[in-house]
Every structure is written in C-alpha cells, then in structure tokens.
Amino acid sequence: MERSTLSAKSRKLFTLSALYSATTALLQDLKLDSTEAARTVSEAFWLAIDELTPDWREVRSRQLLASEVRKQYLHTHGIALHALGLVGNTLLQDSLDPEDWKPRLAPLGQVDWSRSNPDWEGRAIIGGRVSKNHQNVVLTVNYLRQQLGLRLSAEEQQAETAYKRGDR
C-alpha cells in the first residue's frame, strides 16, 4: 500500500494504493450493512468497468503489455480510477441494484482514454504529465459525469467554468 508508483516494466496495471483509494471513493457514505456487502458492490462495479475497458482484458490475456497500456492510456492511472470511483459513488447513491446503475455506465465504453486525447489536457494531464491534485481529480470527474449525462455539483460546476475560461 505504501508504493504509489510501478516500475516501468511492471506487469501490473495499477497500484494497490490507487485501487484502494478508488474503492474508498466508490463506497463513501453508502449505506451497506456489512463488509461482505461492500465487497460485493465494489467487485460488481469494477467488473462492470472492466467490461467497458478492453485494454484491461488484453493485458490479462497477455495480448498487450501493462507497461505499454500505462504509457499510452489514462484509465490505469490513479486519477482515472479515483474519478471512476467518485462517479460510481453517485450512481450507487441512487441505487445499489446493478440493473439500475450498470446500464448507466455504458457511455464510458466510448471514452477515448488515450493520453494523446486533447480532452485530458488541463484535466488529468498537465504539460504531458498525469497530475492527481484535487483540482485535476474534480475536472476528470466532471468529464466523466458529462459523458454519463450526470449533473455537476456546485463545486464541480465552478471548477468546470474556471477550466473553460482558462483559469488553470
């Protein structure tokens, strides 16, 4: 848990600390009656995200190298996992039933997660480097919320307005 980076040649897609932080964000303030319920909900959510992220499957089946996926895509970085957890939390606050929230995730399958996607510049990437400060997490969450057609909170809307004005 103490390492927040992976070596360049690691076969892992993400760090345990990134997955832990993302899952903590996912489960925040949910009314779950047990640790087992939390495990079931979080497992169902991450499996649903996995279904929408073909690169993850290709790494597992050894068709792609994890190091190449980490280098080329944002969806393996802590900021993206955290943002996915926060967006997932919004859906789970509405309903814990996967039949309700899982279909609402479908537009994430169309997101261009490549680091070369200009939509990430200023949100998750600053000057070509992934940045996970609070403002960048908020802007990344905003992007994902917009893809899913979810409303932004007042803080998120303020950050989005500043971003679009160029007040970074």
# chains A, B, ... in the order shown; residues from 1 in each chain; ligands from 1

call {"tool": "closest_atom_pairs", "arguments": {"of": "range 94-138 of chain A", "to": "range 27-46 of chain A", "cutoff": "10 Å", "atoms": "only C-alpha atoms", "output": "JSON lines"}}
result
{"residue": "A:Asp94", "atom": "CA", "partner": "A:Leu30", "partner_atom": "CA", "distance": 9.9}
{"residue": "A:Ser95", "atom": "CA", "partner": "A:Leu30", "partner_atom": "CA", "distance": 9.9}
{"residue": "A:Leu96", "atom": "CA", "partner": "A:Val41", "partner_atom": "CA", "distance": 7.4}
{"residue": "A:Asp97", "atom": "CA", "partner": "A:Val41", "partner_atom": "CA", "distance": 8.9}
{"residue": "A:Pro98", "atom": "CA", "partner": "A:Ala44", "partner_atom": "CA", "distance": 7.5}
{"residue": "A:Trp101", "atom": "CA", "partner": "A:Phe45", "partner_atom": "CA", "distance": 9.0}
{"residue": "A:Lys102", "atom": "CA", "partner": "A:Phe45", "partner_atom": "CA", "distance": 7.8}
{"residue": "A:Leu105", "atom": "CA", "partner": "A:Phe45", "partner_atom": "CA", "distance": 9.5}

call {"tool": "closest_atom_pairs", "arguments": {"of": "range 33-141 of chain A", "to": "range 7-13 of chain A", "cutoff": "12 Å", "atoms": "only C-alpha atoms", "output": "JSON lines"}}
result
{"residue": "A:Asp55", "atom": "CA", "partner": "A:Leu13", "partner_atom": "CA", "distance": 10.0}
{"residue": "A:Trp56", "atom": "CA", "partner": "A:Leu13", "partner_atom": "CA", "distance": 7.7}
{"residue": "A:Arg57", "atom": "CA", "partner": "A:Leu13", "partner_atom": "CA", "distance": 10.7}
{"residue": "A:Glu58", "atom": "CA", "partner": "A:Leu13", "partner_atom": "CA", "distance": 11.1}
{"residue": "A:Val59", "atom": "CA", "partner": "A:Leu13", "partner_atom": "CA", "distance": 8.0}
{"residue": "A:Arg60", "atom": "CA", "partner": "A:Leu13", "partner_atom": "CA", "distance": 9.3}
{"residue": "A:Ser61", "atom": "CA", "partner": "A:Arg11", "partner_atom": "CA", "distance": 11.7}
{"residue": "A:Arg62", "atom": "CA", "partner": "A:Arg11", "partner_atom": "CA", "distance": 9.6}
{"residue": "A:Leu64", "atom": "CA", "partner": "A:Arg11", "partner_atom": "CA", "distance": 10.1}
{"residue": "A:Leu65", "atom": "CA", "partner": "A:Arg11", "partner_atom": "CA", "distance": 7.0}
{"residue": "A:Ala66", "atom": "CA", "partner": "A:Arg11", "partner_atom": "CA", "distance": 5.2}
{"residue": "A:Ser67", "atom": "CA", "partner": "A:Lys9", "partner_atom": "CA", "distance": 5.7}
{"residue": "A:Glu68", "atom": "CA", "partner": "A:Lys9", "partner_atom": "CA", "distance": 8.9}
{"residue": "A:Val69", "atom": "CA", "partner": "A:Leu13", "partner_atom": "CA", "distance": 7.7}
{"residue": "A:Arg70", "atom": "CA", "partner": "A:Leu13", "partner_atom": "CA", "distance": 6.7}
{"residue": "A:Lys71", "atom": "CA", "partner": "A:Ala8", "partner_atom": "CA", "distance": 8.8}
{"residue": "A:Gln72", "atom": "CA", "partner": "A:Leu13", "partner_atom": "CA", "distance": 11.9}
{"residue": "A:Tyr73", "atom": "CA", "partner": "A:Leu13", "partner_atom": "CA", "distance": 10.6}
{"residue": "A:Leu74", "atom": "CA", "partner": "A:Leu13", "partner_atom": "CA", "distance": 10.8}
{"residue": "A:His75", "atom": "CA", "partner": "A:Leu13", "partner_atom": "CA", "distance": 9.3}
{"residue": "A:Thr76", "atom": "CA", "partner": "A:Leu13", "partner_atom": "CA", "distance": 5.9}
{"residue": "A:His77", "atom": "CA", "partner": "A:Leu13", "partner_atom": "CA", "distance": 8.3}
{"residue": "A:Gly78", "atom": "CA", "partner": "A:Leu13", "partner_atom": "CA", "distance": 10.4}
{"residue": "A:Leu81", "atom": "CA", "partner": "A:Leu13", "partner_atom": "CA", "distance": 11.2}

call {"tool": "write_last_selection", "arguments": {"atoms": "C-alpha atoms", "output": "short mmCIF file (atom, residue, chain, number, x, y, z; two decimals), in the first residue's frame"}}
result
data_model
loop_
_atom_site.label_atom_id
_atom_site.label_comp_id
_atom_site.auth_asym_id
_atom_site.auth_seq_id
_atom_site.Cartn_x
_atom_site.Cartn_y
_atom_site.Cartn_z
CA ASP A 55 -7.32 -2.86 -22.81
CA TRP A 56 -7.52 -4.30 -19.29
CA ARG A 57 -8.71 -7.65 -20.65
CA GLU A 58 -5.99 -7.64 -23.29
CA VAL A 59 -3.33 -7.14 -20.62
CA ARG A 60 -4.80 -10.03 -18.58
CA SER A 61 -4.75 -12.27 -21.64
CA ARG A 62 -1.20 -11.07 -22.40
CA LEU A 64 -0.84 -6.22 -24.55
CA LEU A 65 1.92 -5.31 -22.12
CA ALA A 66 0.78 -3.49 -18.98
CA SER A 67 3.70 -1.08 -19.33
CA GLU A 68 2.54 -0.06 -22.81
CA VAL A 69 -1.05 0.42 -21.69
CA ARG A 70 0.07 2.56 -18.72
CA LYS A 71 2.24 4.64 -21.05
CA GLN A 72 -0.48 5.23 -23.65
CA TYR A 73 -3.73 5.39 -21.65
CA LEU A 74 -5.09 7.25 -18.66
CA HIS A 75 -7.51 4.57 -17.41
CA THR A 76 -4.75 2.78 -15.48
CA HIS A 77 -3.64 5.85 -13.51
CA GLY A 78 -4.76 6.73 -10.00
CA LEU A 81 -9.51 5.16 -11.06
#

call {"tool": "select_by_dssp", "arguments": {"residues": "range 12-167 of chain A", "states": "strand (DSSP E)", "output": "list in words"}}
result
Ile125, Ile126, Arg129 and Val130 of chain A

call {"tool": "select_by_dssp", "arguments": {"residues": "range 13-168 of chain A", "states": "alpha helix (DSSP H)", "output": "CSV table (one decimal) with N, CA and C atoms, in the first residue's frame"}}
result
chain,number,residue,atom,x,y,z
A,16,LEU,N,-1.9,-1.0,-5.9
A,16,LEU,CA,-2.9,-1.4,-4.9
A,16,LEU,C,-3.4,-0.1,-4.2
A,17,SER,N,-2.5,0.9,-4.0
A,17,SER,CA,-3.0,2.1,-3.3
A,17,SER,C,-4.0,2.9,-4.2
A,18,ALA,N,-3.8,2.9,-5.5
A,18,ALA,CA,-4.7,3.6,-6.4
A,18,ALA,C,-6.1,2.9,-6.4
A,19,LEU,N,-6.1,1.6,-6.4
A,19,LEU,CA,-7.3,0.8,-6.4
A,19,LEU,C,-8.0,1.0,-5.0
A,20,TYR,N,-7.2,1.0,-4.0
A,20,TYR,CA,-7.8,1.2,-2.6
A,20,TYR,C,-8.5,2.5,-2.5
A,21,SER,N,-7.8,3.6,-3.0
A,21,SER,CA,-8.3,4.9,-2.9
A,21,SER,C,-9.6,5.1,-3.8
A,22,ALA,N,-9.6,4.4,-4.9
A,22,ALA,CA,-10.7,4.5,-5.8
A,22,ALA,C,-11.9,3.8,-5.2
A,23,THR,N,-11.7,2.6,-4.6
A,23,THR,CA,-12.7,1.8,-4.0
A,23,THR,C,-13.3,2.6,-2.7
A,24,THR,N,-12.4,3.2,-2.0
A,24,THR,CA,-12.9,4.0,-0.9
A,24,THR,C,-13.8,5.1,-1.3
A,25,ALA,N,-13.4,5.8,-2.4
A,25,ALA,CA,-14.3,6.8,-3.0
A,25,ALA,C,-15.6,6.3,-3.5
A,26,LEU,N,-15.6,5.1,-4.1
A,26,LEU,CA,-16.8,4.4,-4.6
A,26,LEU,C,-17.7,4.1,-3.5
A,27,LEU,N,-17.2,3.7,-2.3
A,27,LEU,CA,-18.1,3.2,-1.2
A,27,LEU,C,-18.5,4.3,-0.2
A,35,THR,N,-19.3,-5.8,5.7
A,35,THR,CA,-18.1,-5.8,4.8
A,35,THR,C,-18.3,-6.6,3.6
A,36,GLU,N,-19.0,-7.7,3.7
A,36,GLU,CA,-19.3,-8.5,2.6
A,36,GLU,C,-20.2,-7.8,1.6
A,37,ALA,N,-21.1,-7.0,2.0
A,37,ALA,CA,-21.9,-6.2,1.1
A,37,ALA,C,-21.0,-5.2,0.3
A,38,ALA,N,-20.1,-4.6,1.1
A,38,ALA,CA,-19.2,-3.6,0.4
A,38,ALA,C,-18.3,-4.3,-0.6
A,39,ARG,N,-17.8,-5.5,-0.3
A,39,ARG,CA,-17.0,-6.3,-1.2
A,39,ARG,C,-17.8,-6.6,-2.5
A,40,THR,N,-19.1,-7.1,-2.3
A,40,THR,CA,-19.9,-7.4,-3.4
A,40,THR,C,-20.2,-6.3,-4.3
A,41,VAL,N,-20.5,-5.1,-3.7
A,41,VAL,CA,-20.8,-3.9,-4.5
A,41,VAL,C,-19.6,-3.4,-5.3
A,42,SER,N,-18.5,-3.4,-4.6
A,42,SER,CA,-17.2,-2.9,-5.2
A,42,SER,C,-16.8,-3.8,-6.3
A,43,GLU,N,-16.9,-5.1,-6.1
A,43,GLU,CA,-16.5,-6.1,-7.1
A,43,GLU,C,-17.4,-6.0,-8.3
A,44,ALA,N,-18.7,-5.8,-8.1
A,44,ALA,CA,-19.6,-5.7,-9.3
A,44,ALA,C,-19.3,-4.4,-10.0
A,45,PHE,N,-19.0,-3.4,-9.3
A,45,PHE,CA,-18.7,-2.1,-10.0
A,45,PHE,C,-17.4,-2.2,-10.9
A,46,TRP,N,-16.3,-2.7,-10.3
A,46,TRP,CA,-15.0,-2.8,-11.0
A,46,TRP,C,-15.1,-3.8,-12.1
A,47,LEU,N,-15.9,-4.9,-12.0
A,47,LEU,CA,-16.1,-5.8,-13.1
A,47,LEU,C,-16.9,-5.1,-14.2
A,48,ALA,N,-17.8,-4.3,-13.9
A,48,ALA,CA,-18.6,-3.5,-14.9
A,48,ALA,C,-17.6,-2.6,-15.7
A,49,ILE,N,-16.7,-1.9,-14.9
A,49,ILE,CA,-15.8,-1.0,-15.6
A,49,ILE,C,-14.8,-1.9,-16.5
A,50,ASP,N,-14.4,-3.0,-16.0
A,50,ASP,CA,-13.6,-3.9,-16.7
A,50,ASP,C,-14.2,-4.3,-18.1
A,51,GLU,N,-15.5,-4.6,-18.1
A,51,GLU,CA,-16.2,-4.9,-19.3
A,51,GLU,C,-16.1,-3.8,-20.3
A,54,PRO,N,-11.6,-2.6,-22.7
A,54,PRO,CA,-11.0,-3.8,-23.4
A,54,PRO,C,-9.5,-3.9,-23.2
A,55,ASP,N,-8.8,-2.8,-23.0
A,55,ASP,CA,-7.3,-2.9,-22.8
A,55,ASP,C,-7.0,-3.7,-21.6
A,56,TRP,N,-7.8,-3.6,-20.5
A,56,TRP,CA,-7.5,-4.3,-19.3
A,56,TRP,C,-7.6,-5.8,-19.6
A,57,ARG,N,-8.6,-6.2,-20.3
A,57,ARG,CA,-8.7,-7.6,-20.6
A,57,ARG,C,-7.5,-8.1,-21.5
A,58,GLU,N,-7.1,-7.3,-22.4
A,58,GLU,CA,-6.0,-7.6,-23.3
A,58,GLU,C,-4.7,-7.8,-22.5
A,59,VAL,N,-4.5,-7.0,-21.5
A,59,VAL,CA,-3.3,-7.1,-20.6
A,59,VAL,C,-3.4,-8.5,-19.9
A,60,ARG,N,-4.6,-8.8,-19.3
A,60,ARG,CA,-4.8,-10.0,-18.6
A,60,ARG,C,-4.5,-11.2,-19.5
A,66,ALA,N,1.3,-4.5,-19.9
A,66,ALA,CA,0.8,-3.5,-19.0
A,66,ALA,C,1.6,-2.2,-19.1
A,67,SER,N,2.9,-2.3,-19.3
A,67,SER,CA,3.7,-1.1,-19.3
A,67,SER,C,3.3,-0.2,-20.5
A,68,GLU,N,3.0,-0.8,-21.6
A,68,GLU,CA,2.5,-0.1,-22.8
A,68,GLU,C,1.2,0.6,-22.6
A,69,VAL,N,0.3,-0.1,-22.0
A,69,VAL,CA,-1.1,0.4,-21.7
A,69,VAL,C,-0.9,1.6,-20.7
A,70,ARG,N,-0.1,1.5,-19.7
A,70,ARG,CA,0.1,2.6,-18.7
A,70,ARG,C,0.7,3.8,-19.4
A,71,LYS,N,1.6,3.5,-20.3
A,71,LYS,CA,2.2,4.6,-21.1
A,71,LYS,C,1.3,5.4,-22.0
A,72,GLN,N,0.4,4.6,-22.6
A,72,GLN,CA,-0.5,5.2,-23.7
A,72,GLN,C,-1.9,5.7,-23.2
A,78,GLY,N,-4.0,6.5,-11.2
A,78,GLY,CA,-4.8,6.7,-10.0
A,78,GLY,C,-5.8,7.8,-10.2
A,79,ILE,N,-5.6,8.8,-10.9
A,79,ILE,CA,-6.6,9.9,-11.1
A,79,ILE,C,-7.8,9.3,-11.8
A,80,ALA,N,-7.6,8.5,-12.8
A,80,ALA,CA,-8.8,7.9,-13.6
A,80,ALA,C,-9.6,7.0,-12.7
A,81,LEU,N,-8.8,6.1,-12.0
A,81,LEU,CA,-9.5,5.2,-11.1
A,81,LEU,C,-10.3,5.9,-10.0
A,82,HIS,N,-9.7,6.9,-9.4
A,82,HIS,CA,-10.4,7.7,-8.4
A,82,HIS,C,-11.6,8.4,-8.9
A,83,ALA,N,-11.5,9.0,-10.1
A,83,ALA,CA,-12.6,9.6,-10.8
A,83,ALA,C,-13.7,8.6,-11.1
A,84,LEU,N,-13.4,7.4,-11.5
A,84,LEU,CA,-14.4,6.4,-11.8
A,84,LEU,C,-15.1,6.0,-10.5
A,85,GLY,N,-14.3,5.9,-9.4
A,85,GLY,CA,-14.9,5.6,-8.1
A,85,GLY,C,-15.9,6.7,-7.6
A,86,LEU,N,-15.5,7.9,-7.8
A,86,LEU,CA,-16.4,9.0,-7.4
A,86,LEU,C,-17.7,9.0,-8.3
A,87,VAL,N,-17.5,8.8,-9.6
A,87,VAL,CA,-18.7,8.8,-10.5
A,87,VAL,C,-19.6,7.6,-10.1
A,88,GLY,N,-18.9,6.5,-9.9
A,88,GLY,CA,-19.7,5.3,-9.5
A,88,GLY,C,-20.4,5.5,-8.2
A,89,ASN,N,-19.8,6.2,-7.2
A,89,ASN,CA,-20.5,6.5,-6.0
A,89,ASN,C,-21.8,7.3,-6.2
A,90,THR,N,-21.8,8.2,-7.2
A,90,THR,CA,-23.0,8.9,-7.5
A,90,THR,C,-24.1,8.0,-8.0
A,91,LEU,N,-23.7,7.1,-8.8
A,91,LEU,CA,-24.7,6.1,-9.3
A,91,LEU,C,-25.2,5.2,-8.2
A,92,LEU,N,-24.3,4.7,-7.3
A,92,LEU,CA,-24.7,3.8,-6.3
A,92,LEU,C,-25.5,4.5,-5.2
A,93,GLN,N,-25.3,5.8,-5.0
A,93,GLN,CA,-26.2,6.6,-4.1
A,93,GLN,C,-27.7,6.5,-4.5
A,94,ASP,N,-27.9,6.5,-5.9
A,94,ASP,CA,-29.2,6.4,-6.4
A,94,ASP,C,-29.8,5.0,-6.2
A,98,PRO,N,-27.4,-3.4,-9.4
A,98,PRO,CA,-26.6,-3.3,-10.7
A,98,PRO,C,-27.5,-3.2,-11.9
A,99,GLU,N,-28.7,-3.6,-11.9
A,99,GLU,CA,-29.6,-3.5,-13.0
A,99,GLU,C,-29.9,-2.0,-13.2
A,100,ASP,N,-29.8,-1.2,-12.2
A,100,ASP,CA,-30.1,0.2,-12.3
A,100,ASP,C,-28.9,1.0,-12.7
A,101,TRP,N,-27.7,0.7,-12.1
A,101,TRP,CA,-26.5,1.6,-12.3
A,101,TRP,C,-25.7,1.1,-13.5
A,134,HIS,N,-6.1,17.8,-6.4
A,134,HIS,CA,-7.6,17.9,-6.2
A,134,HIS,C,-8.3,18.5,-7.4
A,135,GLN,N,-7.8,19.6,-7.9
A,135,GLN,CA,-8.5,20.3,-9.0
A,135,GLN,C,-8.5,19.3,-10.2
A,136,ASN,N,-7.4,18.6,-10.5
A,136,ASN,CA,-7.4,17.7,-11.6
A,136,ASN,C,-8.4,16.5,-11.4
A,137,VAL,N,-8.5,16.0,-10.2
A,137,VAL,CA,-9.5,15.0,-10.0
A,137,VAL,C,-10.9,15.5,-10.2
A,138,VAL,N,-11.2,16.7,-9.7
A,138,VAL,CA,-12.5,17.3,-10.0
A,138,VAL,C,-12.8,17.4,-11.4
A,139,LEU,N,-11.8,17.9,-12.2
A,139,LEU,CA,-12.0,18.1,-13.6
A,139,LEU,C,-12.2,16.8,-14.4
A,140,THR,N,-11.5,15.8,-13.9
A,140,THR,CA,-11.6,14.5,-14.6
A,140,THR,C,-13.0,13.9,-14.2
A,141,VAL,N,-13.4,14.0,-13.0
A,141,VAL,CA,-14.8,13.6,-12.6
A,141,VAL,C,-15.8,14.3,-13.5
A,142,ASN,N,-15.6,15.6,-13.6
A,142,ASN,CA,-16.5,16.4,-14.4
A,142,ASN,C,-16.7,15.9,-15.8
A,143,TYR,N,-15.5,15.5,-16.4
A,143,TYR,CA,-15.5,15.0,-17.8
A,143,TYR,C,-16.3,13.7,-17.9
A,144,LEU,N,-16.1,12.8,-16.9
A,144,LEU,CA,-16.8,11.5,-16.9
A,144,LEU,C,-18.3,11.7,-16.6
A,145,ARG,N,-18.6,12.7,-15.7
A,145,ARG,CA,-20.0,12.9,-15.4
A,145,ARG,C,-20.7,13.4,-16.7
A,146,GLN,N,-20.0,14.3,-17.4
A,146,GLN,CA,-20.6,14.8,-18.6
A,146,GLN,C,-20.9,13.7,-19.7
A,147,GLN,N,-19.9,12.8,-19.7
A,147,GLN,CA,-20.1,11.6,-20.6
A,147,GLN,C,-21.3,10.8,-20.3
A,148,LEU,N,-21.6,10.7,-19.0
A,148,LEU,CA,-22.7,9.9,-18.5
A,148,LEU,C,-24.0,10.7,-18.4
A,154,ALA,N,-22.2,22.0,-7.3
A,154,ALA,CA,-21.8,23.4,-7.3
A,154,ALA,C,-20.3,23.6,-7.5
A,155,GLU,N,-19.5,22.8,-6.6
A,155,GLU,CA,-18.1,22.9,-6.7
A,155,GLU,C,-17.5,22.4,-8.0
A,156,GLU,N,-18.1,21.4,-8.6
A,156,GLU,CA,-17.7,20.9,-9.8
A,156,GLU,C,-18.0,21.8,-11.0
A,157,GLN,N,-19.2,22.5,-10.9
A,157,GLN,CA,-19.5,23.4,-11.9
A,157,GLN,C,-18.6,24.7,-11.9
A,158,GLN,N,-18.2,25.1,-10.7
A,158,GLN,CA,-17.3,26.2,-10.5
A,158,GLN,C,-16.0,25.9,-11.2
A,159,ALA,N,-15.5,24.7,-10.9
A,159,ALA,CA,-14.2,24.2,-11.4
A,159,ALA,C,-14.3,24.1,-12.9
A,160,GLU,N,-15.4,23.6,-13.5
A,160,GLU,CA,-15.6,23.5,-14.9
A,160,GLU,C,-15.6,24.8,-15.6
A,161,THR,N,-16.3,25.8,-15.0
A,161,THR,CA,-16.4,27.1,-15.5
A,161,THR,C,-15.0,27.8,-15.6
A,162,ALA,N,-14.2,27.6,-14.5
A,162,ALA,CA,-12.9,28.2,-14.5
A,162,ALA,C,-12.0,27.5,-15.5
A,163,TYR,N,-12.1,26.2,-15.7
A,163,TYR,CA,-11.3,25.4,-16.7
A,163,TYR,C,-11.6,25.9,-18.1
A,164,LYS,N,-12.9,26.1,-18.4
A,164,LYS,CA,-13.3,26.6,-19.7
A,164,LYS,C,-12.9,28.0,-20.0
A,165,ARG,N,-12.8,28.8,-18.9
A,165,ARG,CA,-12.3,30.2,-19.1
A,165,ARG,C,-10.8,30.2,-19.2

call {"tool": "atom_distance", "arguments": {"atom1": "CA of Pro107 in chain A", "atom2": "CA of Lys132 in chain A"}}
result
23.2 Å

call {"tool": "closest_residue", "arguments": {"among": "A:Thr53, A:Arg151, A:Gln63, A:Ser131", "to": "Trp113 in chain A", "atoms": "only C-alpha atoms"}}
result
A:Thr53

call {"tool": "atom_distance", "arguments": {"atom1": "CA of Leu108 in chain A", "atom2": "CA of Trp120 in chain A"}}
result
14.6 Å
